[in-house]
file structure06.cif (mmCIF, C-alpha atoms)
data_model
#
loop_
_atom_site.label_atom_id
_atom_site.label_comp_id
_atom_site.auth_asym_id
_atom_site.auth_seq_id
_atom_site.Cartn_x
_atom_site.Cartn_y
_atom_site.Cartn_z
CA MET R 24 65.05 41.35 5.37
CA LYS R 25 62.52 38.98 6.98
CA LYS R 26 60.05 41.84 7.37
CA LEU R 27 60.48 42.64 3.67
CA ILE R 28 59.79 39.05 2.65
CA ALA R 29 56.74 38.93 4.93
CA LEU R 30 55.41 42.19 3.50
CA PHE R 31 56.02 41.00 -0.06
CA SER R 32 54.20 37.71 0.64
CA ILE R 33 51.19 39.48 2.10
CA VAL R 34 51.00 41.98 -0.75
CA SER R 35 51.39 39.32 -3.45
CA PHE R 36 48.85 37.04 -1.76
CA VAL R 37 46.29 39.82 -1.57
CA THR R 38 46.83 40.99 -5.15
CA LEU R 39 47.00 37.51 -6.65
CA SER R 40 43.86 36.35 -4.86
CA SER R 41 41.98 39.36 -6.18
CA PHE R 42 42.79 38.19 -9.72
CA LYS R 43 40.92 34.91 -9.24
CA PRO R 44 38.07 34.82 -11.75
CA ASN R 45 34.63 35.09 -10.16
CA PRO R 46 32.90 31.72 -10.68
CA GLY R 47 29.50 33.33 -10.13
CA TYR R 48 26.90 32.85 -7.46
CA GLU R 49 26.00 29.71 -5.59
CA VAL R 50 22.68 29.10 -3.88
CA GLY R 51 22.75 30.98 -0.61
CA ASP R 52 24.92 33.85 -1.87
CA LYS R 53 23.84 37.49 -1.66
CA ALA R 54 23.09 38.85 -5.12
CA LYS R 55 24.21 42.26 -6.25
CA GLU R 56 21.68 44.92 -7.11
CA PHE R 57 21.87 46.22 -10.69
CA LYS R 58 20.69 49.23 -12.69
CA LEU R 59 20.36 48.44 -16.38
CA LYS R 60 18.62 49.91 -19.44
CA ASN R 61 15.21 48.52 -20.31
CA VAL R 62 13.80 48.21 -23.85
CA ASP R 63 11.70 51.33 -23.23
CA GLY R 64 14.91 53.32 -22.71
CA LYS R 65 14.42 53.75 -18.96
CA MET R 66 16.87 52.50 -16.32
CA VAL R 67 15.55 49.71 -14.11
CA SER R 68 16.91 48.52 -10.79
CA LEU R 69 15.61 45.86 -8.41
CA SER R 70 15.13 48.49 -5.70
CA ASP R 71 12.41 50.05 -7.90
CA PHE R 72 10.18 47.12 -6.95
CA ASN R 73 9.08 47.97 -3.41
CA GLU R 74 6.24 45.47 -3.32
CA ALA R 75 8.24 42.54 -4.70
CA LYS R 76 9.19 39.65 -2.40
CA GLY R 77 11.85 38.48 -4.81
CA PHE R 78 12.77 38.19 -8.48
CA ILE R 79 13.01 35.63 -11.25
CA VAL R 80 16.15 36.89 -13.00
CA ILE R 81 16.64 35.26 -16.40
CA PHE R 82 19.70 35.72 -18.59
CA THR R 83 18.33 35.29 -22.09
CA CYS R 84 18.65 36.74 -25.59
CA ASN R 85 17.01 37.17 -28.97
CA HIS R 86 18.88 34.74 -31.24
CA CYS R 87 19.30 31.54 -29.25
CA PRO R 88 16.76 28.84 -30.23
CA PHE R 89 16.69 27.62 -26.63
CA SER R 90 15.75 31.08 -25.40
CA VAL R 91 13.17 31.47 -28.14
CA ALA R 92 11.66 28.09 -27.22
CA TYR R 93 11.11 29.39 -23.69
CA GLU R 94 9.73 32.85 -24.49
CA ASP R 95 6.07 31.94 -24.00
CA ARG R 96 6.88 30.09 -20.79
CA ILE R 97 8.82 33.09 -19.49
CA ILE R 98 5.82 35.31 -20.23
CA SER R 99 3.60 32.83 -18.35
CA LEU R 100 5.98 32.81 -15.38
CA HIS R 101 5.75 36.58 -15.13
CA LYS R 102 1.96 36.61 -15.46
CA LYS R 103 1.64 33.95 -12.75
CA TYR R 104 4.22 35.18 -10.26
CA GLU R 105 4.36 38.98 -10.62
CA PRO R 106 1.00 39.31 -8.82
CA LYS R 107 2.44 37.07 -6.09
CA GLY R 108 5.51 39.26 -5.64
CA PHE R 109 7.99 37.54 -7.95
CA PRO R 110 8.31 39.40 -11.26
CA VAL R 111 10.51 38.16 -14.09
CA ILE R 112 13.51 40.37 -14.88
CA ALA R 113 15.05 39.33 -18.22
CA ILE R 114 18.63 40.36 -19.01
CA ASN R 115 20.45 40.11 -22.33
CA PRO R 116 24.19 39.75 -21.65
CA ASN R 117 25.45 39.17 -25.21
CA ASP R 118 27.96 41.16 -27.21
CA LYS R 119 26.28 42.45 -30.37
CA SER R 120 29.51 42.39 -32.39
CA ILE R 121 29.59 38.60 -32.00
CA GLU R 122 25.82 38.17 -32.39
CA PRO R 123 24.23 41.16 -34.18
CA GLU R 124 20.72 39.87 -33.46
CA ASP R 125 21.36 40.43 -29.76
CA SER R 126 21.78 44.20 -30.06
CA PHE R 127 19.63 46.58 -28.01
CA GLU R 128 17.62 47.32 -31.17
CA GLY R 129 17.07 43.57 -31.55
CA MET R 130 15.81 43.44 -27.96
CA VAL R 131 13.37 46.30 -28.54
CA LYS R 132 12.07 44.56 -31.67
CA ARG R 133 11.62 41.19 -29.98
CA ALA R 134 9.99 42.64 -26.87
CA LYS R 135 7.49 44.41 -29.12
CA GLU R 136 6.83 41.34 -31.32
CA LYS R 137 6.14 39.12 -28.31
CA ASN R 138 4.62 41.82 -26.13
CA PHE R 139 6.95 41.03 -23.22
CA PRO R 140 5.18 42.08 -20.00
CA PHE R 141 8.45 42.05 -18.01
CA PRO R 142 11.53 44.31 -18.05
CA TYR R 143 14.06 43.19 -20.68
CA LEU R 144 17.35 44.76 -19.68
CA TYR R 145 20.65 45.19 -21.50
CA ASP R 146 23.81 44.14 -19.63
CA GLU R 147 26.03 45.89 -22.14
CA SER R 148 29.24 45.72 -20.09
CA GLN R 149 28.49 42.06 -19.22
CA TYR R 150 29.40 42.90 -15.62
CA TYR R 151 26.30 41.27 -14.12
CA ALA R 152 26.48 38.22 -16.35
CA LYS R 153 29.98 37.64 -14.95
CA GLU R 154 28.99 38.57 -11.40
CA TYR R 155 26.02 36.20 -11.32
CA GLY R 156 27.87 33.51 -13.26
CA ALA R 157 25.57 33.21 -16.25
CA ALA R 158 26.79 30.11 -18.10
CA ARG R 159 24.34 29.90 -21.03
CA THR R 160 21.05 31.29 -22.30
CA PRO R 161 18.53 30.90 -20.85
CA HIS R 162 19.82 30.76 -17.25
CA VAL R 163 17.64 31.51 -14.21
CA PHE R 164 18.54 32.98 -10.81
CA VAL R 165 15.63 33.15 -8.36
CA LEU R 166 16.28 35.80 -5.69
CA LYS R 167 14.45 36.30 -2.42
CA LYS R 168 14.42 39.54 -0.46
CA ASP R 169 15.95 38.97 2.96
CA ALA R 170 15.91 42.21 4.96
CA LYS R 171 18.20 44.46 2.90
CA ASP R 172 19.75 41.57 1.01
CA LEU R 173 18.84 39.58 -2.06
CA LYS R 174 19.49 35.90 -1.46
CA VAL R 175 19.99 33.42 -4.31
CA GLU R 176 17.49 30.61 -3.77
CA TYR R 177 17.57 28.75 -7.11
CA ILE R 178 19.95 28.58 -10.05
CA GLY R 179 19.33 26.72 -13.29
CA ALA R 180 16.84 25.70 -15.92
CA ILE R 181 13.20 26.71 -16.26
CA ASP R 182 11.90 23.16 -16.62
CA ASN R 183 13.00 19.75 -17.90
CA ASN R 184 11.91 19.92 -21.54
CA THR R 185 12.99 22.78 -23.81
CA GLN R 186 11.60 21.30 -27.01
CA ASP R 187 8.11 20.30 -25.94
CA GLU R 188 6.20 22.15 -23.22
CA SER R 189 3.53 19.48 -23.13
CA SER R 190 6.13 16.89 -22.11
CA VAL R 191 7.46 18.88 -19.14
CA THR R 192 7.37 16.86 -15.94
CA LYS R 193 9.48 19.11 -13.70
CA LYS R 194 8.81 22.85 -13.48
CA TYR R 195 11.93 23.83 -11.57
CA VAL R 196 11.36 27.61 -11.33
CA GLU R 197 7.66 27.29 -10.48
CA ASP R 198 8.39 24.73 -7.77
CA ALA R 199 11.17 26.90 -6.31
CA VAL R 200 9.04 30.06 -6.20
CA ASP R 201 6.03 28.13 -4.82
CA GLU R 202 8.21 26.78 -2.02
CA ILE R 203 9.64 30.23 -1.23
CA LEU R 204 6.13 31.70 -1.13
CA ALA R 205 5.08 28.91 1.26
CA GLY R 206 8.03 29.71 3.52
CA LYS R 207 9.68 26.38 2.74
CA LYS R 208 13.24 25.58 1.78
CA VAL R 209 13.72 25.05 -1.97
CA THR R 210 14.08 21.30 -2.58
CA THR R 211 15.64 21.35 -6.05
CA ASN R 212 17.79 24.47 -5.89
CA PHE R 213 20.26 23.77 -8.72
CA THR R 214 19.79 22.30 -12.20
CA LYS R 215 21.53 22.44 -15.56
CA ALA R 216 20.28 22.61 -19.14
CA ILE R 217 21.71 22.85 -22.64
CA GLY R 218 21.80 26.39 -23.96
CA CYS R 219 23.76 28.80 -26.11
CA THR R 220 27.10 30.20 -24.97
CA ILE R 221 27.14 33.71 -23.57
CA LYS R 222 28.71 35.88 -26.27
CA TRP R 223 31.52 37.35 -24.20
CA LYS R 224 33.31 40.41 -25.51
CA ARG R 225 36.65 39.65 -27.11
CA SER R 226 39.46 41.58 -25.42
CA MET Y 10 33.01 -5.78 -104.89
CA PRO Y 11 29.65 -4.71 -106.18
CA LEU Y 12 28.29 -1.44 -104.73
CA SER Y 13 25.29 -3.16 -103.25
CA ARG Y 14 27.64 -5.37 -101.26
CA TYR Y 15 29.48 -2.33 -99.87
CA SER Y 16 26.19 -0.78 -99.05
CA GLU Y 17 25.12 -3.96 -97.26
CA ILE Y 18 28.31 -4.05 -95.15
CA PHE Y 19 27.98 -0.36 -94.37
CA GLN Y 20 24.37 -0.78 -93.34
CA ASN Y 21 25.25 -3.74 -91.07
CA ARG Y 22 28.06 -1.85 -89.41
CA PHE Y 23 25.91 1.22 -89.11
CA ALA Y 24 23.16 -0.82 -87.51
CA PHE Y 25 25.69 -2.28 -85.08
CA PHE Y 26 27.05 1.20 -84.35
CA GLU Y 27 23.52 2.54 -83.92
CA SER Y 28 22.64 -0.19 -81.45
CA MET Y 29 25.83 0.54 -79.49
CA VAL Y 30 25.02 4.26 -79.40
CA LYS Y 31 21.56 3.40 -78.10
CA LYS Y 32 23.12 1.29 -75.35
CA ILE Y 33 25.66 4.01 -74.47
CA ARG Y 34 22.89 6.61 -74.23
CA VAL Y 35 21.38 4.56 -71.45
CA LEU Y 36 24.70 4.55 -69.56
CA PRO Y 37 24.57 8.07 -68.11
CA ILE Y 38 21.00 7.47 -66.97
CA ALA Y 39 22.08 4.19 -65.38
CA LEU Y 40 24.99 5.94 -63.66
CA LEU Y 41 22.66 8.66 -62.38
CA MET Y 42 20.31 6.06 -60.98
CA LEU Y 43 23.20 4.26 -59.32
CA SER Y 44 24.37 7.47 -57.64
CA CYS Y 45 20.82 8.07 -56.41
CA ASN Y 46 20.88 4.67 -54.79
CA THR Y 47 24.17 5.44 -53.01
CA PRO Y 48 23.19 6.03 -49.37
CA VAL Y 49 23.16 9.72 -48.35
CA PRO Y 50 24.78 10.26 -44.94
CA LYS Y 51 22.08 10.54 -42.28
CA ALA Y 52 22.01 11.08 -38.55
CA GLU Y 53 20.74 8.43 -36.17
CA ALA Y 54 18.62 9.44 -33.18
CA VAL Y 55 20.10 7.94 -30.02
CA LYS Y 56 19.44 7.83 -26.31
CA PHE Y 57 22.01 8.55 -23.59
CA ALA Y 58 22.79 4.82 -23.37
CA TYR Y 59 24.64 5.20 -26.68
CA LEU Y 60 26.99 7.78 -25.14
CA GLN Y 61 27.26 5.80 -21.92
CA SER Y 62 28.49 2.75 -23.84
CA LEU Y 63 31.15 4.89 -25.58
CA MET Y 64 32.23 6.25 -22.21
CA ASN Y 65 32.43 2.69 -20.84
CA SER Y 66 34.25 1.17 -23.81
CA ASP Y 67 37.60 -0.38 -23.02
CA ASN Y 68 39.08 -0.39 -26.51
CA ASP Y 69 42.00 1.82 -27.45
CA THR Y 70 40.07 4.22 -29.68
CA THR Y 71 40.28 7.90 -28.81
CA TYR Y 72 36.72 9.20 -28.98
CA VAL Y 73 36.20 12.87 -29.67
CA ILE Y 74 32.58 13.41 -28.62
CA ASN Y 75 31.48 16.84 -29.76
CA PHE Y 76 28.18 18.42 -28.66
CA TRP Y 77 26.84 20.81 -31.27
CA ALA Y 78 23.77 21.95 -33.23
CA THR Y 79 23.20 23.13 -36.82
CA TRP Y 80 22.02 26.57 -35.69
CA CYS Y 81 24.97 27.10 -33.30
CA LYS Y 82 27.41 29.34 -35.16
CA PRO Y 83 30.56 28.64 -33.12
CA CYS Y 84 29.73 24.89 -33.34
CA VAL Y 85 29.49 24.97 -37.14
CA LYS Y 86 32.64 27.08 -37.34
CA GLU Y 87 34.79 24.51 -35.51
CA LEU Y 88 33.45 21.44 -37.38
CA PRO Y 89 36.06 21.52 -40.19
CA GLU Y 90 38.83 21.54 -37.55
CA LEU Y 91 37.35 18.49 -35.79
CA ILE Y 92 36.83 16.61 -39.06
CA LYS Y 93 40.36 17.45 -40.19
CA PHE Y 94 41.66 16.11 -36.87
CA GLU Y 95 39.80 12.83 -37.34
CA ASN Y 96 40.96 12.44 -40.95
CA GLU Y 97 44.60 13.11 -40.12
CA ASN Y 98 44.63 10.73 -37.18
CA LYS Y 99 42.95 7.65 -38.60
CA ASN Y 100 46.13 5.67 -37.87
CA GLU Y 101 45.96 6.75 -34.24
CA LYS Y 102 42.44 5.29 -34.01
CA VAL Y 103 40.69 8.60 -33.47
CA LYS Y 104 36.93 8.59 -33.93
CA LEU Y 105 34.82 11.71 -34.07
CA ILE Y 106 31.24 11.45 -32.84
CA LEU Y 107 29.19 14.55 -33.63
CA VAL Y 108 26.35 14.63 -31.10
CA SER Y 109 23.72 17.04 -32.32
CA LEU Y 110 21.42 18.78 -29.88
CA ASP Y 111 19.09 19.95 -32.61
CA PHE Y 112 15.44 19.47 -31.68
CA LYS Y 113 14.15 16.07 -32.74
CA ARG Y 114 11.42 17.64 -34.87
CA ASP Y 115 14.20 19.30 -36.95
CA MET Y 116 16.06 16.04 -37.64
CA ASP Y 117 15.33 15.98 -41.38
CA SER Y 118 14.71 19.65 -42.11
CA LEU Y 119 17.85 20.88 -40.33
CA LEU Y 120 20.25 18.10 -39.36
CA ASN Y 121 20.07 15.66 -42.27
CA LYS Y 122 19.92 18.55 -44.70
CA PHE Y 123 23.07 20.02 -43.13
CA ILE Y 124 24.95 16.70 -43.23
CA SER Y 125 23.99 16.20 -46.86
CA ASN Y 126 24.91 19.73 -47.95
CA LYS Y 127 28.25 19.68 -46.15
CA LYS Y 128 28.91 16.05 -47.17
CA ILE Y 129 29.83 15.07 -43.64
CA SER Y 130 30.98 11.48 -43.49
CA SER Y 131 31.88 11.44 -39.78
CA THR Y 132 29.43 9.76 -37.40
CA VAL Y 133 26.54 12.09 -36.56
CA VAL Y 134 23.91 11.27 -33.97
CA LEU Y 135 20.99 13.29 -32.63
CA LEU Y 136 20.78 12.94 -28.86
CA ASP Y 137 17.12 12.43 -28.09
CA GLU Y 138 17.26 13.16 -24.34
CA PRO Y 139 15.25 16.33 -23.66
CA ASP Y 140 15.68 16.10 -19.87
CA TYR Y 141 19.09 17.76 -20.01
CA ASP Y 142 19.66 17.97 -16.29
CA SER Y 143 19.54 14.17 -16.08
CA TRP Y 144 22.71 13.65 -18.14
CA ILE Y 145 24.85 16.82 -18.41
CA ASP Y 146 26.84 15.99 -15.27
CA LYS Y 147 27.46 12.46 -16.57
CA ILE Y 148 29.49 14.00 -19.39
CA SER Y 149 31.27 16.38 -17.02
CA SER Y 150 30.41 18.06 -13.73
CA GLU Y 151 32.30 21.10 -15.05
CA TRP Y 152 29.89 21.54 -17.95
CA GLY Y 153 27.57 24.53 -17.57
CA GLY Y 154 25.44 23.26 -20.45
CA ALA Y 155 26.53 25.59 -23.24
CA ILE Y 156 27.50 24.27 -26.68
CA PRO Y 157 29.91 23.65 -28.30
CA ALA Y 158 31.49 21.29 -25.82
CA THR Y 159 33.84 18.36 -26.41
CA LEU Y 160 34.70 15.25 -24.42
CA VAL Y 161 37.89 13.44 -25.41
CA LEU Y 162 38.28 9.96 -24.02
CA ASN Y 163 40.35 6.85 -24.36
CA ASN Y 164 39.75 4.45 -21.50
CA LYS Y 165 42.70 2.24 -22.35
CA LYS Y 166 45.01 5.24 -22.04
CA ASN Y 167 43.15 6.60 -18.99
CA LEU Y 168 42.40 9.74 -20.94
CA ARG Y 169 39.31 11.79 -20.16
CA LYS Y 170 39.29 15.50 -20.83
CA PHE Y 171 36.39 17.90 -21.20
CA HIS Y 172 36.38 21.29 -22.92
CA GLU Y 173 33.48 23.75 -22.93
CA GLY Y 174 33.64 26.23 -25.80
CA GLU Y 175 35.23 26.26 -29.24
CA LEU Y 176 38.23 24.13 -30.12
CA ASN Y 177 40.72 24.49 -32.93
CA TYR Y 178 42.95 21.77 -34.38
CA GLU Y 179 45.95 22.53 -32.12
CA GLU Y 180 43.86 22.61 -28.95
CA LEU Y 181 42.21 19.31 -29.85
CA ASN Y 182 45.64 17.84 -30.57
CA GLN Y 183 46.75 18.91 -27.09
CA LEU Y 184 43.68 17.36 -25.45
CA ALA Y 185 43.98 14.07 -27.29
CA PHE Y 186 47.71 13.47 -27.27
CA ASN Y 187 49.17 15.28 -24.29
#
call {"tool": "encode", "arguments": {"input": "structure06.cif", "output": "structure tokens"}}
result
Amino acid sequence: MKKLIALFSIVSFVTLSSFKPNPGYEVGDKAKEFKLKNVDGKMVSLSDFNEAKGFIVIFTCNHCPFSVAYEDRIISLHKKYEPKGFPVIAINPNDKSIEPEDSFEGMVKRAKEKNFPFPYLYDESQYYAKEYGAARTPHVFVLKKDAKDLKVEYIGAIDNNTQDESSVTKKYVEDAVDEILAGKKVTTNFTKAIGCTIKWKRS
Amino acid sequence: MPLSRYSEIFQNRFAFFESMVKKIRVLPIALLMLSCNTPVPKAEAVKFAYLQSLMNSDNDTTYVINFWATWCKPCVKELPELIKFENENKNEKVKLILVSLDFKRDMDSLLNKFISNKKISSTVVLLDEPDYDSWIDKISSEWGGAIPATLVLNNKKNLRKFHEGELNYEELNQLAFN
């Protein structure tokens, strides 16, 4: 009887703990590799980028005014840091039935309109948005290659002024990547910003 | 009575009637002008100190502080529920504060236009604090930054609850009174 109770406890503990919702990554965690469809129809994975030292992963979308306000700055980030080994990888995690503008077709259209120089990938199953812990759009995860791993070095906002680029006083992502490139520890490794909710699929 | 006398009386009364009609004609115009002078609800731009003072207040009002924006569909969708909650709980001293995160440059073109069209009489403020990271955690450390989000507080009753995401009437009722 005691053995049965012990076995039951172990089994229930293991199964119940596996049902705990994933809160997403924290700085220092190892990030999962992904393979997602790009706006040009091709599949893109982080392992395609042999020369890269890391990645500026940005969960973003087409409809959200906060994302739109950052589009030019995201383009600038890619143009500045891709040559230094840190390309931008944009990911749209939204469910198109909740927000039709965030469909794959909408992504293709926007990428063309703005001439996005970076991959703009579709996380259709929303698996990676959940895995990473995307909380809003836009939401940045700076990853650094560490042997075979991808380490999360920064999570948060792009800078400290969505509305007015000329009033920005803290460029969080730039500072983080500059520090990584200089071999230093990232000083400000976590920030928050106001953004749009992720449009999670309704079960 | 001679006919001329009747005619005189008629003319006098007609003149009186005519002058009254002239005065009455002015009335609708006067009413229209009065309604134009009635203040149209408008949002006030505030700094975080405004919210901080609400969060520090020691009166027994239950504040429902809702973070929203005119372009945020789920935010706009839940507004009628929040307003209904405030209206039905006036006796319980419930006050709704709609804190808009619209961009300051859109204050008139988006926010005030929205308030006017929807005839919103609840308190609406535009939070003019673009450095979001400096205040989000002061509302709640659980807040990831997405809107809509609602803080329900009543310091006298030691009530402070935060909810990220949409709220309906029943959920808000639970937060405020349970």
call {"tool": "atom_distance", "arguments": {"input": "structure06.cif", "atom1": "CA of Lys224 (chain R)", "atom2": "CA of Thr185 (chain R)"}}
result
27.0 Å
call {"tool": "interface_residues", "arguments": {"input": "structure06.cif", "of": "chain R", "to": "chain Y", "cutoff": "10 Å", "atoms": "all atoms listed in the file", "output": "count of residues only"}}
result
33
call {"tool": "residues_around", "arguments": {"input": "structure06.cif", "residues": "Leu100 (chain R)", "least_positions_apart": "4", "cutoff": "10 Å", "atoms": "all atoms listed in the file", "output": "short mmCIF file (atom, residue, chain, number, x, y, z; two decimals) with C-alpha atoms, in the frame of the given file"}}
result
data_model
loop_
_atom_site.label_atom_id
_atom_site.label_comp_id
_atom_site.auth_asym_id
_atom_site.auth_seq_id
_atom_site.Cartn_x
_atom_site.Cartn_y
_atom_site.Cartn_z
CA ILE R 79 13.01 35.63 -11.25
CA GLU R 94 9.73 32.85 -24.49
CA ASP R 95 6.07 31.94 -24.00
CA ARG R 96 6.88 30.09 -20.79
CA TYR R 104 4.22 35.18 -10.26
CA GLU R 105 4.36 38.98 -10.62
CA PHE R 109 7.99 37.54 -7.95
CA PRO R 110 8.31 39.40 -11.26
CA VAL R 111 10.51 38.16 -14.09
CA PHE R 141 8.45 42.05 -18.01
CA ILE R 181 13.20 26.71 -16.26
CA VAL R 196 11.36 27.61 -11.33
CA GLU R 197 7.66 27.29 -10.48
#
call {"tool": "residues_around", "arguments": {"input": "structure06.cif", "residues": "region 48-64 of chain Y", "least_positions_apart": "5", "cutoff": "10 Å", "atoms": "all atoms listed in the file", "output": "JSON, numbers by chain"}}
result
{"Y": [70, 72, 74, 106, 107, 108, 109, 113, 116, 117, 120, 121, 122, 123, 124, 125, 126, 128, 129, 130, 131, 132, 133, 134, 135, 136, 137, 138, 139, 143, 144, 147, 148, 160, 161, 162, 163, 164, 169]}
call {"tool": "axis_aligned_box", "arguments": {"input": "structure06.cif", "around": "region 81-85 of chain R", "padding_each_side": "5 Å", "output": "lines of an AutoDock Vina configuration file"}}
result
center_x = 18.2
center_y = 36.2
center_z = -22.7
size_x = 13.1
size_y = 11.9
size_z = 22.6
call {"tool": "atom_distance", "arguments": {"input": "structure06.cif", "atom1": "CA of Ile114 (chain R)", "atom2": "CA of Asp146 (chain R)"}}
result
6.4 Å
call {"tool": "residues_near_point", "arguments": {"input": "structure06.cif", "point": "(14.2, 27.5, 0.1)", "cutoff": "10 Å", "atoms": "all atoms listed in the file", "output": "ChimeraX atom specification"}}
result
/R:50-51,167,175-177,199-212
call {"tool": "atom_distance", "arguments": {"input": "structure06.cif", "atom1": "CA of Leu119 (chain Y)", "atom2": "CA of Asn115 (chain R)"}}
result
26.5 Å
call {"tool": "decode", "arguments": {"input": "structure06.cif", "residues": "region 109-158 of chain Y", "atoms": "C-alpha atoms", "output": "CSV table (one decimal), in the first residue's frame"}}
result
chain,number,residue,atom,x,y,z
Y,109,SER,CA,-5.2,56.5,-22.3
Y,110,LEU,CA,-1.8,55.6,-23.7
Y,111,ASP,CA,-2.6,57.2,-27.0
Y,112,PHE,CA,0.4,59.2,-28.3
Y,113,LYS,CA,0.3,62.8,-27.1
Y,114,ARG,CA,0.3,64.2,-30.7
Y,115,ASP,CA,-3.1,62.3,-31.2
Y,116,MET,CA,-4.8,63.8,-28.2
Y,117,ASP,CA,-7.3,65.9,-30.2
Y,118,SER,CA,-7.5,63.9,-33.4
Y,119,LEU,CA,-7.9,60.5,-31.8
Y,120,LEU,CA,-8.6,60.7,-28.0
Y,121,ASN,CA,-10.9,63.8,-27.7
Y,122,LYS,CA,-12.7,62.9,-30.9
Y,123,PHE,CA,-13.3,59.4,-29.5
Y,124,ILE,CA,-14.6,60.7,-26.1
Y,125,SER,CA,-16.9,63.1,-27.9
Y,126,ASN,CA,-18.3,60.6,-30.3
Y,127,LYS,CA,-18.9,57.9,-27.7
Y,128,LYS,CA,-20.1,60.6,-25.2
Y,129,ILE,CA,-17.9,59.2,-22.4
Y,130,SER,CA,-18.5,61.1,-19.2
Y,131,SER,CA,-16.1,59.0,-17.0
Y,132,THR,CA,-12.8,60.6,-16.2
Y,133,VAL,CA,-10.3,60.2,-19.1
Y,134,VAL,CA,-6.7,61.2,-18.8
Y,135,LEU,CA,-3.8,60.9,-21.3
Y,136,LEU,CA,-0.7,59.6,-19.5
Y,137,ASP,CA,2.1,61.8,-20.8
Y,138,GLU,CA,5.0,59.6,-19.6
Y,139,PRO,CA,6.8,58.2,-22.7
Y,140,ASP,CA,9.6,56.5,-20.7
Y,141,TYR,CA,7.4,53.5,-20.0
Y,142,ASP,CA,10.0,51.4,-18.2
Y,143,SER,CA,10.2,54.1,-15.5
Y,144,TRP,CA,6.7,53.5,-14.3
Y,145,ILE,CA,5.2,50.2,-15.4
Y,146,ASP,CA,6.5,48.3,-12.4
Y,147,LYS,CA,5.0,51.0,-10.1
Y,148,ILE,CA,1.6,50.0,-11.3
Y,149,SER,CA,2.4,46.3,-10.9
Y,150,SER,CA,5.6,44.2,-11.2
Y,151,GLU,CA,3.4,41.5,-12.8
Y,152,TRP,CA,2.6,43.8,-15.7
Y,153,GLY,CA,4.3,42.8,-19.0
Y,154,GLY,CA,3.3,46.2,-20.5
Y,155,ALA,CA,0.4,45.1,-22.8
Y,156,ILE,CA,-2.9,46.9,-22.8
Y,157,PRO,CA,-5.7,46.7,-21.7
Y,158,ALA,CA,-4.7,46.4,-18.1
